[in-house]
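This is query22.cif. It holds mmCIF, C-alpha atoms and all ligand atoms.
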```
data_coords
loop_
_atom_site.group_PDB
_atom_site.id
_atom_site.type_symbol
_atom_site.label_atom_id
_atom_site.label_comp_id
_atom_site.auth_asym_id
_atom_site.auth_seq_id
_atom_site.Cartn_x
_atom_site.Cartn_y
_atom_site.Cartn_z
ATOM 1 C CA MET H 1 -113.720 -153.852 16.610
ATOM 2 C CA ASN H 2 -116.715 -153.212 14.330
ATOM 3 C CA HIS H 3 -118.657 -150.230 15.699
ATOM 4 C CA GLU H 4 -121.048 -150.005 12.734
ATOM 5 C CA PRO H 5 -124.030 -151.877 14.246
ATOM 6 C CA TRP H 6 -123.891 -149.727 17.379
ATOM 7 C CA LEU H 7 -123.529 -146.518 15.311
ATOM 8 C CA ALA H 8 -126.429 -147.539 13.053
ATOM 9 C CA ALA H 9 -128.592 -148.217 16.098
ATOM 10 C CA LEU H 10 -127.618 -144.811 17.533
ATOM 11 C CA THR H 11 -128.606 -143.144 14.235
ATOM 12 C CA GLY H 12 -132.006 -144.848 14.403
ATOM 13 C CA GLU H 13 -132.553 -143.892 18.044
ATOM 14 C CA LEU H 14 -131.617 -140.232 17.454
ATOM 15 C CA ARG H 15 -133.984 -139.983 14.506
ATOM 16 C CA ARG H 16 -136.708 -141.677 16.555
ATOM 17 C CA HIS H 17 -136.245 -138.919 19.173
ATOM 18 C CA GLY H 18 -136.777 -136.307 16.444
ATOM 19 C CA VAL H 19 -133.142 -135.182 16.137
ATOM 20 C CA GLY H 20 -132.581 -133.687 12.662
ATOM 21 C CA PRO H 21 -130.350 -135.387 10.077
ATOM 22 C CA ASP H 22 -127.504 -132.830 10.319
ATOM 23 C CA LEU H 23 -127.201 -133.045 14.062
ATOM 24 C CA THR H 24 -127.624 -136.812 13.976
ATOM 25 C CA GLY H 25 -124.771 -136.969 11.462
ATOM 26 C CA HIS H 26 -122.556 -134.833 13.741
ATOM 27 C CA VAL H 27 -123.296 -136.825 16.874
ATOM 28 C CA VAL H 28 -122.719 -140.161 15.144
ATOM 29 C CA ALA H 29 -119.513 -138.926 13.467
ATOM 30 C CA GLU H 30 -118.058 -137.678 16.716
ATOM 31 C CA ALA H 31 -119.015 -140.854 18.555
ATOM 32 C CA ALA H 32 -117.271 -142.818 15.780
ATOM 33 C CA THR H 33 -114.129 -140.656 16.135
ATOM 34 C CA HIS H 34 -114.127 -141.065 19.884
ATOM 35 C CA LEU H 35 -114.501 -144.853 19.571
ATOM 36 C CA LEU H 36 -111.652 -145.046 17.066
ATOM 37 C CA ASP H 37 -109.417 -142.962 19.328
ATOM 38 C CA SER H 38 -110.220 -144.790 22.524
ATOM 39 C CA GLY H 39 -110.269 -148.316 21.057
ATOM 40 C CA GLU H 40 -112.986 -149.103 23.617
ATOM 41 C CA SER H 41 -116.270 -150.882 23.019
ATOM 42 C CA PRO H 42 -119.221 -148.513 22.392
ATOM 43 C CA LEU H 43 -121.228 -150.181 25.142
ATOM 44 C CA ARG H 44 -118.516 -149.415 27.651
ATOM 45 C CA VAL H 45 -117.966 -145.828 26.509
ATOM 46 C CA PHE H 46 -121.522 -144.719 25.736
ATOM 47 C CA GLY H 47 -123.816 -147.471 26.997
ATOM 48 C CA ALA H 48 -126.751 -148.802 24.964
ATOM 49 C CA PRO H 49 -127.628 -146.752 21.837
ATOM 50 C CA GLU H 50 -131.091 -145.853 23.187
ATOM 51 C CA THR H 51 -129.599 -144.666 26.500
ATOM 52 C CA TYR H 52 -126.956 -142.533 24.803
ATOM 53 C CA ALA H 53 -129.513 -141.097 22.376
ATOM 54 C CA ARG H 54 -131.704 -140.107 25.332
ATOM 55 C CA ALA H 55 -128.697 -138.489 27.063
ATOM 56 C CA VAL H 56 -127.901 -136.513 23.898
ATOM 57 C CA VAL H 57 -131.515 -135.362 23.628
ATOM 58 C CA ASP H 58 -131.511 -134.402 27.336
ATOM 59 C CA SER H 59 -128.291 -132.462 26.917
ATOM 60 C CA LEU H 60 -129.747 -130.623 23.914
ATOM 61 C CA GLY H 61 -132.672 -129.577 26.076
ATOM 62 C CA GLY H 62 -130.264 -128.428 28.798
ATOM 63 C CA PRO H 63 -129.846 -124.722 28.071
ATOM 64 C CA ASP H 64 -133.554 -124.045 28.651
ATOM 65 C CA VAL H 65 -133.427 -125.246 32.230
ATOM 66 C CA ARG H 66 -130.034 -123.802 33.098
ATOM 67 C CA PRO H 67 -129.764 -120.404 34.791
ATOM 68 C CA PRO H 68 -128.857 -117.566 32.443
ATOM 69 C CA ARG H 69 -125.118 -117.214 32.005
ATOM 70 C CA ARG H 70 -123.432 -114.375 33.781
ATOM 71 C CA GLN H 71 -121.562 -111.797 31.769
ATOM 72 C CA PRO H 72 -117.984 -112.950 31.232
ATOM 73 C CA GLY H 73 -115.460 -111.304 33.563
ATOM 74 C CA PRO H 74 -111.901 -110.094 33.002
ATOM 75 C CA VAL H 75 -109.479 -111.780 30.615
ATOM 76 C CA ARG H 76 -107.840 -114.782 32.326
ATOM 77 C CA LEU H 77 -105.883 -116.236 29.407
ATOM 78 C CA ALA H 78 -104.553 -114.365 26.394
ATOM 79 C CA ALA H 79 -102.489 -116.288 23.854
ATOM 80 C CA ARG H 80 -101.336 -114.176 20.937
ATOM 81 C CA GLY H 81 -99.579 -115.129 17.739
ATOM 82 C CA ILE H 82 -98.532 -118.563 19.014
ATOM 83 C CA THR H 83 -96.257 -120.244 16.490
ATOM 84 C CA LYS H 84 -94.543 -123.590 16.974
ATOM 85 C CA ARG H 85 -92.312 -125.545 14.614
ATOM 86 C CA TYR H 86 -90.926 -129.021 15.043
ATOM 87 C CA ARG H 87 -87.849 -129.666 12.900
ATOM 88 C CA GLY H 88 -88.838 -126.938 10.470
ATOM 89 C CA ARG H 89 -92.463 -128.120 10.239
ATOM 90 C CA THR H 90 -95.007 -125.525 11.368
ATOM 91 C CA VAL H 91 -97.523 -127.062 13.755
ATOM 92 C CA LEU H 92 -99.078 -123.846 15.057
ATOM 93 C CA ASP H 93 -99.100 -120.699 12.953
ATOM 94 C CA ARG H 94 -99.926 -117.426 14.731
ATOM 95 C CA VAL H 95 -102.738 -118.853 16.872
ATOM 96 C CA ASP H 96 -104.723 -116.482 19.102
ATOM 97 C CA LEU H 97 -107.057 -117.329 21.964
ATOM 98 C CA THR H 98 -108.606 -115.108 24.610
ATOM 99 C CA VAL H 99 -110.655 -116.611 27.432
ATOM 100 C CA ARG H 100 -112.398 -114.580 30.114
ATOM 101 C CA ALA H 101 -113.555 -115.509 33.589
ATOM 102 C CA GLY H 102 -116.855 -117.401 33.230
ATOM 103 C CA GLN H 103 -116.107 -118.727 29.746
ATOM 104 C CA ILE H 104 -115.409 -122.160 28.283
ATOM 105 C CA ALA H 105 -113.188 -122.416 25.210
ATOM 106 C CA ALA H 106 -113.127 -125.607 23.154
ATOM 107 C CA VAL H 107 -109.962 -126.404 21.187
ATOM 108 C CA VAL H 108 -110.837 -128.643 18.249
ATOM 109 C CA GLY H 109 -109.013 -130.059 15.241
ATOM 110 C CA ALA H 110 -107.931 -133.340 13.680
ATOM 111 C CA ASN H 111 -105.367 -135.674 15.239
ATOM 112 C CA GLY H 112 -101.989 -133.970 14.997
ATOM 113 C CA ALA H 113 -103.500 -130.491 14.504
ATOM 114 C CA GLY H 114 -101.498 -129.191 17.465
ATOM 115 C CA LYS H 115 -104.132 -129.119 20.221
ATOM 116 C CA SER H 116 -101.919 -130.649 22.928
ATOM 117 C CA THR H 117 -98.959 -128.559 21.798
ATOM 118 C CA PHE H 118 -101.064 -125.415 22.141
ATOM 119 C CA LEU H 119 -102.257 -126.376 25.627
ATOM 120 C CA ARG H 120 -98.740 -127.231 26.785
ATOM 121 C CA ILE H 121 -97.596 -123.811 25.586
ATOM 122 C CA CYS H 122 -100.470 -122.145 27.461
ATOM 123 C CA ALA H 123 -99.511 -124.148 30.569
ATOM 124 C CA GLY H 124 -95.927 -122.892 30.322
ATOM 125 C CA LEU H 125 -94.552 -126.410 29.793
ATOM 126 C CA LEU H 126 -93.332 -125.703 26.280
ATOM 127 C CA SER H 127 -91.906 -122.537 24.712
ATOM 128 C CA PRO H 128 -93.419 -121.207 21.492
ATOM 129 C CA ASP H 129 -91.153 -120.112 18.652
ATOM 130 C CA ALA H 130 -93.150 -116.897 18.521
ATOM 131 C CA GLY H 131 -96.044 -115.366 20.404
ATOM 132 C CA THR H 132 -96.933 -114.675 24.020
ATOM 133 C CA VAL H 133 -99.183 -116.203 26.677
ATOM 134 C CA GLU H 134 -100.551 -114.169 29.564
ATOM 135 C CA VAL H 135 -102.319 -115.903 32.432
ATOM 136 C CA HIS H 136 -104.093 -113.709 34.965
ATOM 137 C CA GLY H 137 -104.647 -115.774 38.097
ATOM 138 C CA THR H 138 -103.800 -119.324 39.137
ATOM 139 C CA LEU H 139 -103.581 -122.178 36.646
ATOM 140 C CA GLY H 140 -104.503 -125.876 36.666
ATOM 141 C CA TYR H 141 -103.518 -128.240 33.848
ATOM 142 C CA CYS H 142 -104.848 -131.739 33.169
ATOM 143 C CA PRO H 143 -102.650 -133.597 30.646
ATOM 144 C CA GLN H 144 -104.064 -136.046 28.111
ATOM 145 C CA ASP H 145 -102.373 -138.885 29.976
ATOM 146 C CA GLY H 146 -99.665 -139.327 32.579
ATOM 147 C CA GLY H 147 -99.585 -136.826 35.389
ATOM 148 C CA THR H 148 -100.041 -139.324 38.215
ATOM 149 C CA ALA H 149 -97.365 -141.063 40.289
ATOM 150 C CA GLU H 150 -97.581 -144.873 40.088
ATOM 151 C CA PHE H 151 -96.916 -145.644 43.743
ATOM 152 C CA LEU H 152 -99.035 -142.977 45.423
ATOM 153 C CA SER H 153 -102.666 -143.319 46.501
ATOM 154 C CA ALA H 154 -105.262 -140.698 45.518
ATOM 155 C CA ASP H 155 -105.081 -139.108 49.002
ATOM 156 C CA GLU H 156 -101.286 -138.932 48.784
ATOM 157 C CA HIS H 157 -101.625 -137.170 45.419
ATOM 158 C CA PHE H 158 -104.067 -134.679 46.958
ATOM 159 C CA VAL H 159 -101.637 -133.899 49.803
ATOM 160 C CA LEU H 160 -98.616 -133.594 47.508
ATOM 161 C CA ILE H 161 -100.217 -131.422 44.837
ATOM 162 C CA GLY H 162 -102.311 -129.577 47.435
ATOM 163 C CA ALA H 163 -99.112 -128.526 49.262
ATOM 164 C CA GLY H 164 -97.951 -126.787 46.086
ATOM 165 C CA ARG H 165 -101.253 -124.928 45.983
ATOM 166 C CA GLY H 166 -101.101 -123.825 49.623
ATOM 167 C CA LEU H 167 -103.484 -126.441 51.065
ATOM 168 C CA GLY H 168 -102.806 -128.210 54.360
ATOM 169 C CA ARG H 169 -102.935 -132.036 54.437
ATOM 170 C CA ALA H 170 -106.473 -132.392 55.796
ATOM 171 C CA GLU H 171 -107.830 -129.622 53.574
ATOM 172 C CA ALA H 172 -106.159 -131.121 50.495
ATOM 173 C CA ARG H 173 -107.698 -134.525 51.194
ATOM 174 C CA ARG H 174 -111.121 -133.024 51.872
ATOM 175 C CA THR H 175 -111.004 -130.858 48.752
ATOM 176 C CA GLY H 176 -109.785 -133.720 46.577
ATOM 177 C CA ARG H 177 -112.529 -136.022 47.805
ATOM 178 C CA ALA H 178 -115.179 -133.321 47.308
ATOM 179 C CA GLU H 179 -114.021 -132.772 43.713
ATOM 180 C CA ALA H 180 -113.949 -136.524 43.101
ATOM 181 C CA SER H 181 -117.568 -136.815 44.228
ATOM 182 C CA GLY H 182 -118.541 -134.447 41.381
ATOM 183 C CA LEU H 183 -117.360 -137.235 39.069
ATOM 184 C CA ALA H 184 -119.255 -139.850 41.108
ATOM 185 C CA TRP H 185 -115.914 -141.222 42.345
ATOM 186 C CA THR H 186 -114.999 -142.195 45.893
ATOM 187 C CA PRO H 187 -111.204 -142.635 45.861
ATOM 188 C CA PRO H 188 -110.115 -145.846 47.597
ATOM 189 C CA ARG H 189 -108.029 -145.116 50.702
ATOM 190 C CA ARG H 190 -104.894 -147.079 49.965
ATOM 191 C CA THR H 191 -104.940 -148.193 46.318
ATOM 192 C CA GLN H 192 -101.891 -146.959 44.428
ATOM 193 C CA ALA H 193 -102.479 -145.077 41.166
ATOM 194 C CA ARG H 194 -100.908 -147.882 39.118
ATOM 195 C CA HIS H 195 -103.766 -150.177 40.201
ATOM 196 C CA LEU H 196 -106.521 -147.762 39.129
ATOM 197 C CA SER H 197 -108.212 -148.220 35.740
ATOM 198 C CA GLY H 198 -107.272 -145.799 32.932
ATOM 199 C CA GLY H 199 -110.541 -143.878 33.249
ATOM 200 C CA THR H 200 -110.172 -143.650 37.041
ATOM 201 C CA ARG H 201 -106.603 -142.342 36.698
ATOM 202 C CA GLN H 202 -108.005 -139.650 34.415
ATOM 203 C CA LYS H 203 -110.521 -138.731 37.133
ATOM 204 C CA LEU H 204 -107.573 -138.387 39.516
ATOM 205 C CA ASN H 205 -105.746 -136.197 36.984
ATOM 206 C CA LEU H 206 -108.782 -133.977 36.632
ATOM 207 C CA VAL H 207 -109.260 -133.656 40.397
ATOM 208 C CA LEU H 208 -105.570 -132.721 40.752
ATOM 209 C CA ALA H 209 -105.975 -129.978 38.141
ATOM 210 C CA ARG H 210 -108.880 -128.593 40.164
ATOM 211 C CA LEU H 211 -107.146 -128.602 43.576
ATOM 212 C CA GLY H 212 -107.047 -125.098 44.984
ATOM 213 C CA GLU H 213 -109.757 -124.009 42.517
ATOM 214 C CA PRO H 214 -107.462 -122.348 39.967
ATOM 215 C CA ASP H 215 -108.805 -119.407 37.945
ATOM 216 C CA VAL H 216 -107.765 -120.993 34.635
ATOM 217 C CA LEU H 217 -108.214 -124.691 33.844
ATOM 218 C CA LEU H 218 -106.511 -126.273 30.846
ATOM 219 C CA LEU H 219 -107.986 -129.717 30.147
ATOM 220 C CA ASP H 220 -106.469 -131.889 27.420
ATOM 221 C CA GLU H 221 -109.136 -134.457 26.471
ATOM 222 C CA PRO H 222 -109.561 -135.244 30.151
ATOM 223 C CA TYR H 223 -112.455 -137.644 29.576
ATOM 224 C CA GLN H 224 -110.463 -140.357 27.747
ATOM 225 C CA GLY H 225 -111.633 -143.658 29.139
ATOM 226 C CA PHE H 226 -114.612 -142.183 30.978
ATOM 227 C CA ASP H 227 -117.799 -144.186 30.734
ATOM 228 C CA ARG H 228 -120.920 -142.410 29.510
ATOM 229 C CA GLY H 229 -122.188 -141.441 32.976
ATOM 230 C CA THR H 230 -118.845 -139.954 33.992
ATOM 231 C CA TYR H 231 -118.585 -138.171 30.658
ATOM 232 C CA LEU H 232 -121.894 -136.402 31.293
ATOM 233 C CA ASP H 233 -120.845 -135.670 34.901
ATOM 234 C CA PHE H 234 -117.651 -134.166 33.491
ATOM 235 C CA TRP H 235 -119.512 -131.683 31.287
ATOM 236 C CA HIS H 236 -121.825 -130.743 34.141
ATOM 237 C CA GLU H 237 -118.755 -130.035 36.249
ATOM 238 C CA VAL H 238 -117.253 -127.909 33.466
ATOM 239 C CA TRP H 239 -120.455 -125.840 33.275
ATOM 240 C CA ARG H 240 -120.462 -125.515 37.064
ATOM 241 C CA TRP H 241 -116.860 -124.237 37.025
ATOM 242 C CA ARG H 242 -117.733 -121.738 34.337
ATOM 243 C CA ASP H 243 -120.744 -120.558 36.361
ATOM 244 C CA ALA H 244 -118.368 -120.110 39.318
ATOM 245 C CA GLY H 245 -116.345 -117.669 37.193
ATOM 246 C CA LYS H 246 -113.531 -119.952 36.067
ATOM 247 C CA ALA H 247 -111.957 -119.787 32.611
ATOM 248 C CA VAL H 248 -111.917 -123.320 31.180
ATOM 249 C CA VAL H 249 -110.105 -124.498 28.044
ATOM 250 C CA VAL H 250 -111.049 -128.029 26.883
ATOM 251 C CA VAL H 251 -109.503 -129.975 24.041
ATOM 252 C CA THR H 252 -112.339 -131.979 22.536
ATOM 253 C CA HIS H 253 -113.226 -134.078 19.503
ATOM 254 C CA LEU H 254 -116.844 -134.171 20.529
ATOM 255 C CA LEU H 255 -118.633 -131.643 18.406
ATOM 256 C CA ASN H 256 -122.021 -132.012 20.037
ATOM 257 C CA GLN H 257 -120.758 -129.966 22.987
ATOM 258 C CA LEU H 258 -119.754 -127.000 20.851
ATOM 259 C CA ASP H 259 -123.064 -125.209 21.302
ATOM 260 C CA ARG H 260 -122.464 -125.447 25.048
ATOM 261 C CA VAL H 261 -119.173 -123.522 25.024
ATOM 262 C CA ASP H 262 -118.430 -119.833 24.576
ATOM 263 C CA VAL H 263 -115.368 -119.806 22.343
ATOM 264 C CA VAL H 264 -114.195 -122.336 19.740
ATOM 265 C CA LEU H 265 -110.575 -122.451 18.598
ATOM 266 C CA ASP H 266 -110.467 -124.618 15.478
ATOM 267 C CA LEU H 267 -106.930 -125.726 14.632
ATOM 268 C CA SER H 268 -108.046 -127.686 11.543
ATOM 269 C CA GLY H 269 -106.388 -125.094 9.334
ATOM 270 C CA GLU H 270 -103.049 -125.871 10.948
ATOM 271 C CA ARG H 271 -100.885 -128.491 9.321
ATOM 272 C CA ALA H 272 -101.879 -131.910 10.579
ATOM 273 C CA ALA H 273 -99.445 -134.853 10.556
HETATM 274 N N1 LIG H 301 -91.687 -133.235 20.691
HETATM 275 C C1 LIG H 301 -92.072 -133.301 19.403
HETATM 276 N N2 LIG H 301 -91.173 -133.423 18.418
HETATM 277 C C2 LIG H 301 -91.542 -133.462 17.115
HETATM 278 N N3 LIG H 301 -92.827 -133.418 16.688
HETATM 279 C C3 LIG H 301 -93.780 -133.307 17.641
HETATM 280 C C4 LIG H 301 -93.451 -133.250 19.035
HETATM 281 N N4 LIG H 301 -94.615 -133.128 19.747
HETATM 282 C C5 LIG H 301 -95.612 -133.128 18.830
HETATM 283 N N5 LIG H 301 -95.118 -133.231 17.587
HETATM 284 C C6 LIG H 301 -95.900 -133.217 16.339
HETATM 285 O O1 LIG H 301 -96.670 -132.032 16.330
HETATM 286 C C7 LIG H 301 -97.956 -132.290 15.768
HETATM 287 C C8 LIG H 301 -99.022 -131.848 16.745
HETATM 288 O O2 LIG H 301 -99.045 -132.725 17.855
HETATM 289 P P1 LIG H 301 -100.138 -132.587 19.013
HETATM 290 O O3 LIG H 301 -99.911 -133.709 19.970
HETATM 291 O O4 LIG H 301 -100.091 -131.196 19.543
HETATM 292 O O5 LIG H 301 -101.490 -132.782 18.183
HETATM 293 P P2 LIG H 301 -102.982 -133.002 18.729
HETATM 294 O O6 LIG H 301 -103.863 -132.103 17.924
HETATM 295 O O7 LIG H 301 -103.028 -132.817 20.209
HETATM 296 O O8 LIG H 301 -103.244 -134.510 18.345
HETATM 297 P P3 LIG H 301 -104.242 -135.626 18.990
HETATM 298 O O9 LIG H 301 -105.647 -135.239 18.610
HETATM 299 O O10 LIG H 301 -103.817 -136.883 18.298
HETATM 300 O O11 LIG H 301 -104.013 -135.638 20.473
HETATM 301 C C9 LIG H 301 -97.994 -133.779 15.429
HETATM 302 O O12 LIG H 301 -97.676 -133.911 14.073
HETATM 303 C C10 LIG H 301 -96.902 -134.353 16.293
HETATM 304 O O13 LIG H 301 -96.344 -135.499 15.684
#
```

The structure given in the file should be rewritten as structure tokens.
Ligand SMILES: Nc1ncnc2c1ncn2[C@@H]1O[C@H](COP(=O)(O)OP(=O)(O)OP(=O)(O)O)[C@@H](O)[C@H]1O
Amino acid sequence: MNHEPWLAALTGELRRHGVGPDLTGHVVAEAATHLLDSGESPLRVFGAPETYARAVVDSLGGPDVRPPRRQPGPVRLAARGITKRYRGRTVLDRVDLTVRAGQIAAVVGANGAGKSTFLRICAGLLSPDAGTVEVHGTLGYCPQDGGTAEFLSADEHFVLIGAGRGLGRAEARRTGRAEASGLAWTPPRRTQARHLSGGTRQKLNLVLARLGEPDVLLLDEPYQGFDRGTYLDFWHEVWRWRDAGKAVVVVTHLLNQLDRVDVVLDLSGERAA
């Protein structure tokens, strides 16, 4: 699919709104990367160029109207010296990351830089060859894809995962539905996960990671397949979780959010495939 006309129109709209050339270049480059990765049409992902440009400009104006950030709290996640090799090839080389309560960390880097590997190690799903991970508090993990059971409805997922987090059936359903509403999603009562769209399954994944309000949230590009409105809702939710004292780690390609996070872990120096 040729994204150039849409990207050119976005460039024009951003400049028309007075966005400087450097920032315009960043926003357009990251939109192009996201479109390449997702394979989706720009209209579906971001909407019309003028609408997306306005949303970018609004989000740039955001910090002025947001309440002042609270001081970060105690350390919730400490990864030290994380090293991982696959068949003798070093993917992560002595990577450190510390995230405190009330902070958002963005993990960035090219495709194959080791972002998912790092998150899986932090989640305890994969062992590093060297290094340690300490998590202080409860943990929620949203994988890049997968993570849902084909034949279960959203409510059944809430009950199942909620049980593991100490929530009763009714509470799990209520909590899941409340979280879903933050993403402007009302889960259908009976539809099985396999019949949900890709973006909607990602919403389910994200809600599952949030069940029980864990202290540490590890989110691996959770917005894949989200439309523009949901994408903006997602970042507002992330800021809300931070303001509620959570430690949030987000894998992202989207550089225009980097001024809205507290810590950036750039894995570009690691060996990409
Ligand atoms: N189980 C595995 N066995 C061998 N190599 C692997 C394995 N898992 C990942 N890799 C390799 O490790 C490197 C890092 O992969 P990873 O998925 O962590 O990158 P990433 O930064 O998340 O990429 P993307 O942006 O494409 O999601 C890649 O070169 C990948 O091919």

Practice problem: Show me which residues sit within 6 Å of ligand LIG 301 (chain H) when counting all atoms listed in the file, and put them as a PyMOL selection string. | Solution: chain H and resi 86+91+110-117+272-273

Output C-alpha atoms of each residue in that selection to a file, as a compact mmCIF listing (two decimals), keeping the file's coordinate frame.
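Result file result-v3.txt:
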```
# COMPACT_ATOMS: atom_id res chain seq x y z
CA TYR H 86 -90.93 -129.02 15.04
CA VAL H 91 -97.52 -127.06 13.76
CA ALA H 110 -107.93 -133.34 13.68
CA ASN H 111 -105.37 -135.67 15.24
CA GLY H 112 -101.99 -133.97 15.00
CA ALA H 113 -103.50 -130.49 14.50
CA GLY H 114 -101.50 -129.19 17.46
CA LYS H 115 -104.13 -129.12 20.22
CA SER H 116 -101.92 -130.65 22.93
CA THR H 117 -98.96 -128.56 21.80
CA ALA H 272 -101.88 -131.91 10.58
CA ALA H 273 -99.44 -134.85 10.56
```

Practice problem: Would you translate the PyMOL selection byres (((chain H and resi 54) around 12) and not hetatm) into the concrete set of residues it matches in this file, as JSON, numbers by chain? | Solution: {"H": [10, 11, 12, 13, 14, 15, 16, 17, 18, 19, 46, 47, 48, 49, 50, 51, 52, 53, 55, 56, 57, 58, 59, 60, 61, 228]}

Self-check item: Selection result of the PyMOL selection byres (((chain H and resi 173) around 12) and not hetatm) on this file, as a ChimeraX atom specification
Solution: /H:153-163,167-172,174-180,186-187,189,207-208,211-212

Next, dump the selected residues to file, keeping only C-alpha atoms, as a PDB file, in the coordinates of the input.
```pdb
ATOM      1  CA  SER H 153    -102.666-143.319  46.501  1.00  0.00           C
ATOM      2  CA  ALA H 154    -105.262-140.698  45.518  1.00  0.00           C
ATOM      3  CA  ASP H 155    -105.081-139.108  49.002  1.00  0.00           C
ATOM      4  CA  GLU H 156    -101.286-138.932  48.784  1.00  0.00           C
ATOM      5  CA  HIS H 157    -101.625-137.170  45.419  1.00  0.00           C
ATOM      6  CA  PHE H 158    -104.067-134.679  46.958  1.00  0.00           C
ATOM      7  CA  VAL H 159    -101.637-133.899  49.803  1.00  0.00           C
ATOM      8  CA  LEU H 160     -98.616-133.594  47.508  1.00  0.00           C
ATOM      9  CA  ILE H 161    -100.217-131.422  44.837  1.00  0.00           C
ATOM     10  CA  GLY H 162    -102.311-129.577  47.435  1.00  0.00           C
ATOM     11  CA  ALA H 163     -99.112-128.526  49.262  1.00  0.00           C
ATOM     12  CA  LEU H 167    -103.484-126.441  51.065  1.00  0.00           C
ATOM     13  CA  GLY H 168    -102.806-128.210  54.360  1.00  0.00           C
ATOM     14  CA  ARG H 169    -102.935-132.036  54.437  1.00  0.00           C
ATOM     15  CA  ALA H 170    -106.473-132.392  55.796  1.00  0.00           C
ATOM     16  CA  GLU H 171    -107.830-129.622  53.574  1.00  0.00           C
ATOM     17  CA  ALA H 172    -106.159-131.121  50.495  1.00  0.00           C
ATOM     18  CA  ARG H 174    -111.121-133.024  51.872  1.00  0.00           C
ATOM     19  CA  THR H 175    -111.004-130.858  48.752  1.00  0.00           C
ATOM     20  CA  GLY H 176    -109.785-133.720  46.577  1.00  0.00           C
ATOM     21  CA  ARG H 177    -112.529-136.022  47.805  1.00  0.00           C
ATOM     22  CA  ALA H 178    -115.179-133.321  47.308  1.00  0.00           C
ATOM     23  CA  GLU H 179    -114.021-132.772  43.713  1.00  0.00           C
ATOM     24  CA  ALA H 180    -113.949-136.524  43.101  1.00  0.00           C
ATOM     25  CA  THR H 186    -114.999-142.195  45.893  1.00  0.00           C
ATOM     26  CA  PRO H 187    -111.204-142.635  45.861  1.00  0.00           C
ATOM     27  CA  ARG H 189    -108.029-145.116  50.702  1.00  0.00           C
ATOM     28  CA  VAL H 207    -109.260-133.656  40.397  1.00  0.00           C
ATOM     29  CA  LEU H 208    -105.570-132.721  40.752  1.00  0.00           C
ATOM     30  CA  LEU H 211    -107.146-128.602  43.576  1.00  0.00           C
ATOM     31  CA  GLY H 212    -107.047-125.098  44.984  1.00  0.00           C
TER      32      GLY H 212
END
```

Practice problem: Name every residue that the PyMOL selection byres (((chain H and resi 261) around 10) and not hetatm) selects in this structure, writing the answer as a list in words with chains first and numbers rising. | Solution: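 Applied to this file, the PyMOL selection byres (((chain H and resi 261) around 10) and not hetatm) returns Gln103, Ile104, Ala105, Ala106, Val238, Trp239, Arg242, Val248, Val249, Val250, Gln257, Leu258, Asp259, Arg260, Asp262, Val263 and Val264 of chain H.
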
Quiz item: So how far away is CA of Glu4 (chain H) from CA of Glu40 (chain H), in Å?
Solution: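 Interatomic distance, CA of Glu40 (chain H) to CA of Glu4 (chain H): 13.6 Å.
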
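Closest approach to Val95 (chain H) from the set H:Gln71, H:Gly131, H:Leu204, H:Val108 is made by H:Gly131, with distances taken over all atoms listed in the file.
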
Quiz item: Interatomic distance between CA of His136 (chain H) and CA of Asp93 (chain H)?
Solution: 23.6 Å

For Cys142 (chain H), find every residue with an atom within 10 Å (counting only C-alpha atoms), except residues of its own chain fewer than 6 positions away, and show them as a PDB file with C-alpha atoms, keeping the file's coordinate frame.
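Final output, saved to part31.pdb:
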```
ATOM      1  CA  LEU H 119    -102.257-126.376  25.627  1.00  0.00           C
ATOM      2  CA  ARG H 120     -98.740-127.231  26.785  1.00  0.00           C
ATOM      3  CA  ALA H 123     -99.511-124.148  30.569  1.00  0.00           C
ATOM      4  CA  GLN H 202    -108.005-139.650  34.415  1.00  0.00           C
ATOM      5  CA  LYS H 203    -110.521-138.731  37.133  1.00  0.00           C
ATOM      6  CA  LEU H 204    -107.573-138.387  39.516  1.00  0.00           C
ATOM      7  CA  ASN H 205    -105.746-136.197  36.984  1.00  0.00           C
ATOM      8  CA  LEU H 206    -108.782-133.977  36.632  1.00  0.00           C
ATOM      9  CA  VAL H 207    -109.260-133.656  40.397  1.00  0.00           C
ATOM     10  CA  LEU H 208    -105.570-132.721  40.752  1.00  0.00           C
ATOM     11  CA  ALA H 209    -105.975-129.978  38.141  1.00  0.00           C
ATOM     12  CA  ARG H 210    -108.880-128.593  40.164  1.00  0.00           C
ATOM     13  CA  LEU H 217    -108.214-124.691  33.844  1.00  0.00           C
ATOM     14  CA  LEU H 218    -106.511-126.273  30.846  1.00  0.00           C
ATOM     15  CA  LEU H 219    -107.986-129.717  30.147  1.00  0.00           C
ATOM     16  CA  ASP H 220    -106.469-131.889  27.420  1.00  0.00           C
ATOM     17  CA  GLU H 221    -109.136-134.457  26.471  1.00  0.00           C
ATOM     18  CA  PRO H 222    -109.561-135.244  30.151  1.00  0.00           C
ATOM     19  CA  VAL H 250    -111.049-128.029  26.883  1.00  0.00           C
TER      20      VAL H 250
END
```

Exercise. For Phe226 (chain H), work out the shell of residues within 9 Å, counting all atoms listed in the file and skipping chain neighbours fewer than 6 positions away, then give it as a PyMOL selection string.
Key: chain H and resi 44-45+198-200+202-203+234

Written selection (C-alpha atoms) as a tab-separated table (two decimals), in the frame of the given file:
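Generated output (out-v2.tsv):
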```
chain	number	residue	atom	x	y	z
H	44	ARG	CA	-118.52	-149.42	27.65
H	45	VAL	CA	-117.97	-145.83	26.51
H	198	GLY	CA	-107.27	-145.80	32.93
H	199	GLY	CA	-110.54	-143.88	33.25
H	200	THR	CA	-110.17	-143.65	37.04
H	202	GLN	CA	-108.00	-139.65	34.42
H	203	LYS	CA	-110.52	-138.73	37.13
H	234	PHE	CA	-117.65	-134.17	33.49
```
